[in-house]
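Notes follow the structure.
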Amino acid sequence: MKASMPEIKTILNELKSATVGYSYPRDLALFVQDRWNNETDAVRKSDLLPDLATLEEFFSACYHASMLREEERPVKFRAILAPPLLFTTGVRPPEGFQRLDFSSPGRFNANELRRLAVAADPQRTLIGVWSDKTGHGELRIWGLINSGARWLRDVRGGRRVGAPLPLVPVIHADAPGSIEVHKGYELVGKFHCGKLTGSRVDLFASEWLPAEFAQFRERLMERYEGARGSAGAASGDGWASLEATLPRRIAERMIKRVISTLREARHGGTVIFLPVEDVEHLPNTASDLDLKYQIAGGSPQISFPDLVVAILNRLAEIYGAAYGLAGELIGWRHFEATTDDQLVNLDEALFETAHLIAGLAAVDGAVILSKHHEILGFGGMISGRLPAVRNVARALDLEGESIAVEEARNVGARHRSAYRLVSGIPGTVAIVVSQDGAVRFICNKSGRVTYWEQE
């Protein structure tokens, strides 16, 4: 039986109201177009951003492919919308990109992406897509690009990152119904369960987060300067001078690795940094934080601060007078470029420390560190005796100057416990990683519990 015109209108209105608040691939294309160019006109001319219809076609196929399965395996991939000529031949990872052209470009659709995803490890391979008529025809899959895995080091805390991608649209599909649009390696937009979010917020570029650990960095530099002075007095050879930001960069990459490992494990976890002055009060029966597994004080171990100081000392030594760099400040680029065996071993030890911390977070309760990055224990249970936090502030910008007030009850027990501790012990910084990979940094800012979402 055919529906009457009034009935059809009613059905359409119901469908429209049911989808209010949800977005679709075309909305994502408009979102990306609006946020793509944030630089100068010269940069805009060099960016290869296709028209709206092409973007929508690209995003739509990738979105639908993400919801498929291939022999019961989830479909995960990276796809790049770029002509093959942007990638030179005769090179390969880790220094460049290896281009594998198909003799005959294939169809571009969700099913073809599903089939190729099995052979294209998203951590190391991109699926190349471009039109058959200089950017204005039907999209085709022209081949694969072997990128290597160095590109992951930027977000995971690695050293010696890979070659830069051209500033073109790149899709990351890593979960059903969830795709990220990147401009090269820069996140422009994320489409998850019908919701759009903007560019990634890098809290390590903020002022408030490094300021929380300023005392720690000063202590590291003091230890380095002492060792440098002793070495110069003993041998007569001067060590190189280091950039003041280097300890911060090294510490940041360790925390990035912890977060990345927790996200990939998909079991969640909480890492708490306590003010140094509060460490001596842990634990006791009246404590606000009960540690199930406490690390014995004074136990023989090479701590994270020891590793950082050893790295600083070795860098200063190898870039010192013997290399003619006694007057040059040594920074992150030197650290990335160095292949010295001793430094490589120290760097590996740093990564192992990060994996150790992430592993400890698998136990129920929080991993507890001092703000000097010394491991105090794990399985930390935040006391219910602490006053409940009714409302928290969600930071809307990098420094938390603009906020939105939310009810604390809208999250789970892990987040609410972290809120109570941050409120009860000022100066505490908490990092909470959810099972779904969401990351939340929490601190007490201006007397209010404030959190930042880290994409």
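Each chain in the structure tokens gets a letter, A, B and so on, in the order shown; residues start at 1 in every chain, and ligands are counted from 1 in the order they appear.
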All helix (DSSP H, G or I) residues (DSSP, backbone) inside stretch 326-401 of chain A, as a ChimeraX atom specification: /A:332-337,341-360
Just the selected residues (C-alpha atoms), exported as an mmCIF file, in the first residue's frame, please.
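That gives us result35.cif:
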```
data_model
loop_
_atom_site.group_PDB
_atom_site.id
_atom_site.type_symbol
_atom_site.label_atom_id
_atom_site.label_comp_id
_atom_site.auth_asym_id
_atom_site.auth_seq_id
_atom_site.Cartn_x
_atom_site.Cartn_y
_atom_site.Cartn_z
ATOM 1 C CA TRP A 332 66.838 18.201 19.950
ATOM 2 C CA ARG A 333 68.012 18.003 16.325
ATOM 3 C CA HIS A 334 71.432 16.857 17.492
ATOM 4 C CA PHE A 335 69.819 14.279 19.737
ATOM 5 C CA GLU A 336 67.751 12.955 16.813
ATOM 6 C CA ALA A 337 70.719 12.776 14.468
ATOM 7 C CA ASP A 341 76.052 3.478 20.509
ATOM 8 C CA GLN A 342 76.040 4.605 24.129
ATOM 9 C CA LEU A 343 73.375 7.206 23.431
ATOM 10 C CA VAL A 344 71.280 4.687 21.487
ATOM 11 C CA ASN A 345 71.390 2.323 24.471
ATOM 12 C CA LEU A 346 70.353 5.105 26.851
ATOM 13 C CA ASP A 347 67.501 6.025 24.522
ATOM 14 C CA GLU A 348 66.336 2.410 24.450
ATOM 15 C CA ALA A 349 66.426 2.323 28.258
ATOM 16 C CA LEU A 350 64.230 5.418 28.243
ATOM 17 C CA PHE A 351 61.658 3.627 26.087
ATOM 18 C CA GLU A 352 61.766 0.577 28.329
ATOM 19 C CA THR A 353 60.988 2.827 31.301
ATOM 20 C CA ALA A 354 57.945 4.163 29.453
ATOM 21 C CA HIS A 355 56.725 0.638 28.694
ATOM 22 C CA LEU A 356 57.315 -0.352 32.322
ATOM 23 C CA ILE A 357 55.089 2.496 33.545
ATOM 24 C CA ALA A 358 52.399 1.629 30.997
ATOM 25 C CA GLY A 359 52.542 -2.011 32.080
ATOM 26 C CA LEU A 360 52.123 -1.094 35.744
#
```
All residues 7 Å or closer to A:Asn146, only C-alpha atoms, same chain fewer than 5 positions away omitted, as JSON, numbers by chain: {"A": [97, 98, 99, 124, 125, 126]}
Distance of atom CA of A:Arg92 from atom CA of A:Ile141, expressed in Å to one decimal place: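 Atom CA of A:Ile141 sits 20.4 Å away from atom CA of A:Arg92.
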d(atom CA of A:Val433, atom CA of A:Gly365) in Å: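 Computing the Euclidean distance for atom CA of A:Val433 and atom CA of A:Gly365 yields 12.3 Å.
Pairwise distance (atom CA of A:Glu218, atom CA of A:Val429) equals 18.4 Å.
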Nearest to A:Gly377, chosen from A:Gln454, A:Gln294, A:Ser60, A:Ser417, with only C-alpha atoms counted in the distances: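 Smallest distance to A:Gly377 is found for A:Gln294.
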Counting only C-alpha atoms, the residue of A:Ala413, A:Arg248, A:Glu453, A:Phe102 that sits nearest A:Gly198: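 Using only C-alpha atoms, the shortest distance to A:Gly198 belongs to A:Glu453.
Remark: for A:His182, the closest of the candidate residues A:Leu307, A:Ile80, A:Leu55, A:Val389 is A:Ile80 (distances computed over only C-alpha atoms).
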Residue nearest A:Trp239 among A:Ala316, A:Ala296, A:Val170, A:Val279 (counting only C-alpha atoms):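 Nearest to A:Trp239: A:Ala316.
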Can you check which residues of stretch 93-323 of chain A DSSP gives as strand (DSSP E) on the backbone and send them as a compact mmCIF listing (two decimals) with N, CA and C atoms, in the first residue's frame?
```txt
# COMPACT_ATOMS: atom_id res chain seq x y z
N GLN A 98 58.68 4.60 -0.57
CA GLN A 98 58.80 3.67 -1.68
C GLN A 98 57.46 3.56 -2.38
N ARG A 99 57.44 3.91 -3.67
CA ARG A 99 56.20 3.94 -4.45
C ARG A 99 56.03 2.64 -5.22
N LEU A 100 54.87 2.02 -5.07
CA LEU A 100 54.55 0.79 -5.78
C LEU A 100 53.33 1.06 -6.67
N ASP A 101 53.56 1.32 -7.94
CA ASP A 101 52.48 1.64 -8.88
C ASP A 101 51.82 0.37 -9.40
N PHE A 102 50.50 0.34 -9.43
CA PHE A 102 49.78 -0.75 -10.08
C PHE A 102 49.87 -0.57 -11.60
N SER A 103 50.00 -1.66 -12.32
CA SER A 103 50.06 -1.56 -13.78
C SER A 103 48.75 -1.03 -14.35
N SER A 104 47.65 -1.32 -13.63
CA SER A 104 46.35 -0.81 -14.03
C SER A 104 45.63 -0.30 -12.79
N PRO A 105 45.39 1.02 -12.67
CA PRO A 105 44.71 1.55 -11.48
C PRO A 105 43.38 0.86 -11.25
N GLY A 106 43.09 0.57 -9.98
CA GLY A 106 41.86 -0.14 -9.64
C GLY A 106 40.73 0.78 -9.24
N ARG A 107 39.56 0.19 -9.12
CA ARG A 107 38.39 0.96 -8.70
C ARG A 107 38.58 1.46 -7.28
N THR A 125 52.13 1.56 5.55
CA THR A 125 51.72 1.63 4.15
C THR A 125 50.53 2.55 3.97
N LEU A 126 50.54 3.30 2.87
CA LEU A 126 49.39 4.12 2.49
C LEU A 126 48.82 3.61 1.18
N ILE A 127 47.51 3.70 1.03
CA ILE A 127 46.84 3.36 -0.22
C ILE A 127 46.73 4.64 -1.04
N GLY A 128 47.33 4.66 -2.22
CA GLY A 128 47.36 5.86 -3.06
C GLY A 128 46.11 5.99 -3.90
N VAL A 129 45.45 7.16 -3.82
CA VAL A 129 44.21 7.42 -4.55
C VAL A 129 44.33 8.74 -5.29
N TRP A 130 43.90 8.76 -6.54
CA TRP A 130 43.85 10.00 -7.32
C TRP A 130 42.89 9.82 -8.47
N SER A 131 42.51 10.91 -9.09
CA SER A 131 41.56 10.84 -10.19
C SER A 131 42.28 10.51 -11.49
N LEU A 139 37.76 8.83 -9.16
CA LEU A 139 38.87 8.45 -8.30
C LEU A 139 39.24 6.99 -8.55
N ARG A 140 40.57 6.74 -8.55
CA ARG A 140 41.09 5.40 -8.76
C ARG A 140 42.19 5.12 -7.74
N ILE A 141 42.39 3.86 -7.41
CA ILE A 141 43.51 3.46 -6.56
C ILE A 141 44.69 3.15 -7.47
N TRP A 142 45.73 3.98 -7.39
CA TRP A 142 46.86 3.84 -8.32
C TRP A 142 48.01 3.00 -7.79
N GLY A 143 48.04 2.73 -6.47
CA GLY A 143 49.12 1.91 -5.94
C GLY A 143 49.26 2.04 -4.44
N LEU A 144 50.41 1.62 -3.93
CA LEU A 144 50.72 1.67 -2.51
C LEU A 144 51.98 2.48 -2.27
N ILE A 145 52.10 3.04 -1.08
CA ILE A 145 53.28 3.81 -0.69
C ILE A 145 53.79 3.23 0.63
N ASN A 146 55.02 2.75 0.60
CA ASN A 146 55.65 2.24 1.82
C ASN A 146 56.32 3.41 2.51
N PRO A 169 45.32 15.53 1.62
CA PRO A 169 44.44 14.80 2.54
C PRO A 169 44.89 13.35 2.74
N VAL A 170 45.01 12.96 3.98
CA VAL A 170 45.36 11.58 4.35
C VAL A 170 44.32 11.09 5.35
N ILE A 171 43.73 9.94 5.07
CA ILE A 171 42.72 9.36 5.95
C ILE A 171 43.37 8.28 6.81
N HIS A 172 43.09 8.34 8.12
CA HIS A 172 43.44 7.26 9.04
C HIS A 172 42.14 6.61 9.48
N ALA A 173 41.94 5.35 9.12
CA ALA A 173 40.76 4.60 9.56
C ALA A 173 41.23 3.51 10.51
N ASP A 174 40.92 3.66 11.80
CA ASP A 174 41.43 2.69 12.77
C ASP A 174 40.35 2.09 13.66
N ALA A 175 39.08 2.43 13.41
CA ALA A 175 37.99 1.87 14.18
C ALA A 175 36.70 2.00 13.37
N SER A 178 34.93 5.47 12.36
CA SER A 178 35.81 6.52 12.86
C SER A 178 36.95 6.74 11.87
N ILE A 179 37.06 7.95 11.35
CA ILE A 179 38.16 8.28 10.46
C ILE A 179 38.74 9.64 10.85
N GLU A 180 40.03 9.78 10.66
CA GLU A 180 40.71 11.05 10.89
C GLU A 180 41.22 11.58 9.56
N VAL A 181 41.09 12.90 9.36
CA VAL A 181 41.62 13.54 8.17
C VAL A 181 42.86 14.34 8.57
N HIS A 182 43.96 14.04 7.90
CA HIS A 182 45.22 14.72 8.19
C HIS A 182 45.66 15.53 6.97
N LYS A 183 46.34 16.61 7.23
CA LYS A 183 47.01 17.40 6.20
C LYS A 183 48.49 17.03 6.30
N GLU A 186 49.46 16.44 10.02
CA GLU A 186 48.71 17.31 10.94
C GLU A 186 47.23 16.97 10.90
N LEU A 187 46.66 16.68 12.08
CA LEU A 187 45.24 16.37 12.16
C LEU A 187 44.41 17.62 11.87
N VAL A 188 43.47 17.49 10.94
CA VAL A 188 42.58 18.60 10.59
C VAL A 188 41.17 18.36 11.12
N GLY A 189 40.69 17.14 11.02
CA GLY A 189 39.35 16.84 11.49
C GLY A 189 39.19 15.37 11.79
N LYS A 190 38.31 15.07 12.74
CA LYS A 190 38.04 13.69 13.12
C LYS A 190 36.54 13.45 13.06
N PHE A 191 36.16 12.34 12.47
CA PHE A 191 34.75 11.97 12.29
C PHE A 191 34.53 10.66 13.03
N HIS A 192 33.81 10.72 14.16
CA HIS A 192 33.63 9.53 14.99
C HIS A 192 32.17 9.44 15.43
N LYS A 195 30.04 12.42 14.78
CA LYS A 195 30.40 13.67 15.41
C LYS A 195 31.72 14.19 14.82
N LEU A 196 31.81 15.49 14.65
CA LEU A 196 33.01 16.13 14.11
C LEU A 196 33.78 16.82 15.22
N THR A 197 35.09 16.66 15.22
CA THR A 197 35.94 17.42 16.12
C THR A 197 37.09 18.01 15.31
N SER A 241 77.65 23.00 25.33
CA SER A 241 76.54 23.58 26.09
C SER A 241 75.22 23.11 25.47
N LEU A 242 74.23 22.87 26.32
CA LEU A 242 72.95 22.33 25.86
C LEU A 242 71.86 23.38 25.91
N GLY A 269 44.05 3.28 31.89
CA GLY A 269 44.98 3.41 33.00
C GLY A 269 45.07 4.84 33.47
N THR A 270 45.62 5.02 34.68
CA THR A 270 45.79 6.35 35.26
C THR A 270 47.22 6.51 35.75
N VAL A 271 47.82 7.63 35.40
CA VAL A 271 49.16 7.97 35.85
C VAL A 271 49.07 9.28 36.64
N ILE A 272 49.54 9.27 37.87
CA ILE A 272 49.45 10.42 38.76
C ILE A 272 50.85 10.96 39.05
N PHE A 273 51.03 12.26 38.91
CA PHE A 273 52.27 12.93 39.29
C PHE A 273 52.00 13.76 40.55
N LEU A 274 52.62 13.36 41.65
CA LEU A 274 52.41 14.05 42.92
C LEU A 274 53.48 15.11 43.15
N LEU A 289 45.71 8.51 49.47
CA LEU A 289 46.08 7.62 48.37
C LEU A 289 46.76 6.38 48.95
N ASP A 290 46.11 5.24 48.82
CA ASP A 290 46.64 3.99 49.35
C ASP A 290 47.33 3.21 48.23
N LEU A 291 48.63 2.95 48.43
CA LEU A 291 49.40 2.22 47.44
C LEU A 291 49.42 0.73 47.78
N LYS A 292 48.91 -0.08 46.88
CA LYS A 292 48.97 -1.52 47.10
C LYS A 292 50.39 -2.04 46.92
N TYR A 293 51.08 -1.51 45.89
CA TYR A 293 52.46 -1.91 45.62
C TYR A 293 53.34 -0.68 45.65
N GLN A 294 54.04 -0.50 46.77
CA GLN A 294 54.92 0.65 46.90
C GLN A 294 56.35 0.23 46.60
```
Among the residues A:Gly148, A:Pro247, A:Gly447, A:Gly177, the one that comes closest to A:Pro93 [using only C-alpha atoms]: A:Gly148
Nearby residues (only C-alpha atoms) at most 6 Å from stretch 261-266 of chain A, same-chain spacing under 3 positions excluded, as a ChimeraX atom specification: /A:258,358,435,437
Expected file contents, prior selection, N, CA and C atoms, as an mmCIF file, in the first residue's frame:
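Okay, result_5.cif is ready:
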```cif
data_model
loop_
_atom_site.group_PDB
_atom_site.id
_atom_site.type_symbol
_atom_site.label_atom_id
_atom_site.label_comp_id
_atom_site.auth_asym_id
_atom_site.auth_seq_id
_atom_site.Cartn_x
_atom_site.Cartn_y
_atom_site.Cartn_z
ATOM 1 N N VAL A 258 54.303 6.455 27.033
ATOM 2 C CA VAL A 258 53.422 5.834 28.022
ATOM 3 C C VAL A 258 51.966 5.913 27.545
ATOM 4 N N ALA A 358 53.665 1.993 31.631
ATOM 5 C CA ALA A 358 52.399 1.629 30.997
ATOM 6 C C ALA A 358 51.951 0.238 31.441
ATOM 7 N N GLN A 435 39.483 3.154 28.104
ATOM 8 C CA GLN A 435 39.597 1.937 27.309
ATOM 9 C C GLN A 435 39.436 2.206 25.823
ATOM 10 N N GLY A 437 40.633 4.700 24.297
ATOM 11 C CA GLY A 437 41.789 5.450 23.812
ATOM 12 C C GLY A 437 41.740 6.936 24.084
#
```
Counting only C-alpha atoms, the residue of A:Ala366, A:Leu113, A:Val439, A:Ile311 that sits nearest A:Ser260: A:Val439
